Structures are given as structure tokens and as C-alpha cells.
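Heads up, run21.cif below (mmCIF, C-alpha atoms and all ligand atoms):
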data_protein
loop_
_atom_site.label_atom_id
_atom_site.label_comp_id
_atom_site.auth_asym_id
_atom_site.auth_seq_id
_atom_site.Cartn_x
_atom_site.Cartn_y
_atom_site.Cartn_z
CA MET A 1 -16.20 -48.95 -42.82
CA LYS A 2 -13.05 -46.86 -43.07
CA THR A 3 -9.87 -48.19 -44.51
CA LEU A 4 -6.23 -47.19 -44.54
CA PRO A 5 -4.38 -46.30 -47.70
CA GLU A 6 -1.97 -48.91 -48.97
CA TRP A 7 1.69 -48.22 -48.45
CA SER A 8 3.09 -46.34 -51.42
CA THR A 9 6.35 -44.67 -52.38
CA GLN A 10 5.17 -41.37 -50.92
CA TYR A 11 5.89 -42.99 -47.55
CA ALA A 12 9.32 -44.29 -48.58
CA VAL A 13 12.22 -43.48 -46.27
CA GLY A 14 14.75 -44.86 -48.74
CA VAL A 15 16.06 -47.75 -46.66
CA PRO A 16 14.65 -50.85 -48.40
CA GLU A 17 14.41 -52.93 -45.23
CA LEU A 18 12.50 -50.20 -43.36
CA ASP A 19 10.26 -49.51 -46.35
CA GLU A 20 9.34 -53.20 -46.52
CA GLN A 21 8.58 -53.20 -42.82
CA HIS A 22 6.44 -50.07 -43.12
CA ALA A 23 4.55 -51.66 -46.02
CA ARG A 24 3.94 -54.76 -43.92
CA LEU A 25 2.72 -52.62 -41.01
CA PHE A 26 0.27 -50.90 -43.35
CA SER A 27 -1.01 -54.25 -44.53
CA ILE A 28 -1.46 -55.66 -41.01
CA ALA A 29 -3.20 -52.43 -40.03
CA ARG A 30 -5.56 -52.70 -43.00
CA ARG A 31 -6.52 -56.21 -41.89
CA LEU A 32 -6.97 -54.90 -38.37
CA ILE A 33 -9.33 -52.15 -39.48
CA ASP A 34 -11.18 -54.65 -41.62
CA ALA A 35 -11.62 -56.92 -38.58
CA CYS A 36 -13.13 -53.99 -36.67
CA GLY A 37 -16.19 -54.46 -38.86
CA ASP A 38 -16.71 -58.05 -37.60
CA GLU A 39 -19.63 -58.91 -35.42
CA LYS A 40 -18.62 -60.17 -31.97
CA PRO A 41 -16.61 -62.10 -30.75
CA ASP A 42 -13.38 -60.16 -31.19
CA THR A 43 -11.07 -63.17 -31.48
CA ARG A 44 -9.84 -62.29 -34.97
CA LEU A 45 -9.29 -58.67 -33.98
CA LEU A 46 -7.28 -59.69 -30.91
CA GLY A 47 -5.12 -62.03 -33.03
CA ILE A 48 -4.33 -59.29 -35.53
CA LEU A 49 -3.71 -56.69 -32.84
CA THR A 50 -1.22 -59.03 -31.18
CA GLU A 51 0.49 -59.69 -34.52
CA LEU A 52 0.66 -55.94 -35.12
CA LYS A 53 2.13 -55.28 -31.69
CA ASP A 54 4.82 -57.94 -32.08
CA TYR A 55 5.79 -56.80 -35.55
CA THR A 56 5.78 -53.16 -34.47
CA LEU A 57 8.24 -53.84 -31.65
CA TYR A 58 10.49 -55.71 -34.05
CA HIS A 59 10.30 -52.83 -36.54
CA PHE A 60 10.98 -50.16 -33.91
CA ARG A 61 14.13 -51.98 -32.81
CA LYS A 62 15.36 -52.17 -36.38
CA GLU A 63 14.53 -48.52 -37.09
CA GLU A 64 16.30 -47.41 -33.91
CA GLU A 65 19.37 -49.43 -34.91
CA VAL A 66 19.49 -47.71 -38.30
CA MET A 67 19.09 -44.25 -36.73
CA ALA A 68 21.78 -45.01 -34.13
CA ALA A 69 24.21 -46.29 -36.76
CA ALA A 70 23.69 -43.08 -38.73
CA GLY A 71 24.34 -40.94 -35.64
CA TYR A 72 20.90 -39.35 -36.02
CA LYS A 73 20.48 -36.53 -33.48
CA GLY A 74 16.75 -37.03 -33.07
CA LEU A 75 17.16 -40.64 -31.92
CA GLU A 76 16.19 -40.10 -28.28
CA TYR A 77 13.08 -38.16 -29.17
CA HIS A 78 12.12 -40.70 -31.81
CA ARG A 79 12.65 -43.54 -29.36
CA GLN A 80 10.27 -41.85 -26.95
CA MET A 81 7.62 -41.63 -29.67
CA HIS A 82 8.06 -45.35 -30.27
CA GLU A 83 7.69 -46.07 -26.56
CA PHE A 84 4.56 -44.00 -26.46
CA MET A 85 3.08 -45.90 -29.40
CA ALA A 86 4.04 -49.29 -27.99
CA ALA A 87 2.37 -48.34 -24.69
CA ARG A 88 -0.71 -47.19 -26.55
CA LEU A 89 -0.91 -50.50 -28.41
CA ASP A 90 -0.62 -52.33 -25.09
CA PHE A 91 -3.40 -50.25 -23.63
CA LEU A 92 -5.67 -50.80 -26.64
CA THR A 93 -5.04 -54.56 -26.37
CA LYS A 94 -6.00 -54.52 -22.68
CA GLN A 95 -9.14 -52.56 -23.47
CA LEU A 96 -10.08 -55.09 -26.15
CA ARG A 97 -9.51 -58.01 -23.75
CA HIS A 98 -11.87 -56.40 -21.26
CA GLY A 99 -14.48 -55.55 -23.85
CA LEU A 100 -13.88 -51.84 -23.37
CA LEU A 101 -12.35 -50.97 -26.70
CA GLU A 102 -13.85 -48.18 -28.74
CA LYS A 103 -13.14 -49.41 -32.25
CA ASN A 104 -13.23 -45.91 -33.68
CA GLU A 105 -10.48 -44.95 -31.30
CA LEU A 106 -8.37 -47.85 -32.53
CA ILE A 107 -8.97 -46.91 -36.17
CA GLU A 108 -8.10 -43.26 -35.56
CA PHE A 109 -4.93 -44.21 -33.74
CA MET A 110 -3.85 -46.52 -36.57
CA GLU A 111 -4.49 -43.85 -39.18
CA SER A 112 -2.63 -41.09 -37.41
CA TRP A 113 0.23 -43.31 -36.37
CA LEU A 114 0.91 -44.86 -39.75
CA THR A 115 0.41 -41.82 -41.88
CA GLU A 116 1.41 -38.93 -39.60
CA HIS A 117 4.22 -40.64 -37.71
CA ILE A 118 5.85 -41.91 -40.86
CA ILE A 119 5.38 -38.66 -42.72
CA MET A 120 6.33 -36.30 -39.92
CA GLU A 121 8.83 -38.23 -37.83
CA ASP A 122 10.33 -40.99 -39.94
CA MET A 123 10.98 -38.55 -42.78
CA ARG A 124 13.19 -36.50 -40.46
CA TYR A 125 15.84 -39.21 -40.21
CA ILE A 126 16.17 -39.56 -43.99
CA PRO A 127 19.01 -37.02 -44.47
CA ALA A 128 21.14 -38.53 -41.67
CA VAL A 129 20.49 -42.11 -42.72
CA THR A 130 21.03 -41.40 -46.41
CA ALA A 131 24.30 -39.59 -45.68
CA ALA A 132 25.49 -42.54 -43.58
CA GLU A 133 24.64 -44.95 -46.40
CA PHE A 134 26.47 -42.73 -48.87
CA ASP A 135 29.59 -42.57 -46.66
CA LYS A 136 29.76 -46.36 -46.68
CA GLY A 137 30.85 -46.09 -50.30
CA TYR A 138 34.24 -44.65 -49.27
CA PRO A 139 37.12 -47.02 -48.71
FE FE B 1 9.44 -44.47 -36.44
#
How does the structure come out when it is put into C-alpha cells?
Amino acid sequence: MKTLPEWSTQYAVGVPELDEQHARLFSIARRLIDACGDEKPDTRLLGILTELKDYTLYHFRKEEEVMAAAGYKGLEYHRQMHEFMAARLDFLTKQLRHGLLEKNELIEFMESWLTEHIIMEDMRYIPAVTAAEFDKGYP
């Protein structure tokens, strides 16, 4: 059975709160992938998927707040990516409830979301967010 890497500093965006949240998302996702190996029924998987969805929405709100406060120009685009991912998580949950979920599809989505999204998209807000943090040091 596949597994996700653990969160490590290579995924750090430099905002401690967001890094902690990303690390927690990685750990929930690792449990989720682990639960994909369970024999039926899918109760544990559904519980973890729901936990992941709730925590993801909380994290997205926080991340969007940080980007907005920094005046990050890519905010609208990034928000759309978040919406897309939240919708995808909803859809995967519905599929699971109806016994239609392809577990490989779920695993692939988790992998590409957590590694590619964070590497490609989250990294792009680092300069703006870091500059905003730095400016806070001025009286
Ligand atoms: Fe993001």
C-alpha cells in the first residue's frame, strides 16, 4: 500500500501557523491512505475523510486570511484552487458514502494535492507574505 511522505521543512512556507497546519494535513492524509487498506466496511475511512475535510476548510480560511493581509496578488486564483479542492473532497466523500469510491483515485488526489499544491501554489505566496511579516517590524 502506498503512503505519503511526512511533512518536512522542504514544504515549509515560513509562517509557523500554516506550516503546523500543513503538517497536520499530511498526518491526517497519511492515516486516510492507511485506512484505504482496510477491509470493508469503510466506517474508519469515512471518519478520517470527514476530519480531513473539516480541517482543510479551516486551514484554507486561515491561509486565505494570511494571503489577504499580505496583499498577495494571486489570492483570487489561489482561492479558486481551494474551492476546487474542497469540492473534490465533497465529491469523494459522496462517492464513498455510495460505495462508488475508487480508492486509488483518492490516494492519487491526496498525493498530488498535498505535494504539488503546496510546492507549486503555496510557495508562490511566500515572497508577499514574508515581506508583509518583515514590514510589521517597522514602527
Ligand atoms: Fe493553499
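Among the candidates A:Asn104, A:Thr56, A:Thr43, A:Gln10, the one nearest to ligand FE 1 (chain B) when counting only C-alpha atoms and all ligand atoms is A:Thr56.
Nearest residue to ligand FE 1 (chain B) among A:Glu63, A:Asp54, A:Glu108, A:Glu76 is A:Glu63, counting only C-alpha atoms and all ligand atoms.
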12 Å from ligand FE 1 (chain B) is the threshold here; counting all atoms listed in the file, which polymer residues fall inside it? Answer as a VMD selection string.
chain A and resid 11 13 18 to 19 21 to 22 25 56 to 67 74 to 86 113 to 126
Region 96-101 of chain A: which residues within 12 Å, counting all atoms listed in the file, same-chain residues fewer than 3 positions away excluded, as an MDAnalysis selection string?
chainID A and resid 36 40:50 89:93 104:107
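Closest to Arg31 (chain A) among A:Leu4, A:Ala68, A:Ala12, A:Ala132 is A:Leu4, based on all atoms listed in the file.
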With 8 Å added on each side, what axis-aligned box encloses every listed atom of region 62-71 of chain A? Give the centre and edge lengths in Å to one decimal, as lines of an AutoDock Vina configuration file.
center_x = 19.4
center_y = -46.6
center_z = -36.3
size_x = 25.8
size_y = 27.2
size_z = 20.8
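Residue nearest Glu111 (chain A), chosen from A:Glu20, A:Glu133, A:Glu39, A:Glu6 and counting all atoms listed in the file: A:Glu6.
Rounded to one decimal, CA of Arg88 (chain A) and CA of Pro16 (chain A) lie 27.0 Å from each other.
For the pair CA of Phe26 (chain A) and CA of Pro5 (chain A), the interatomic distance is 7.9 Å.
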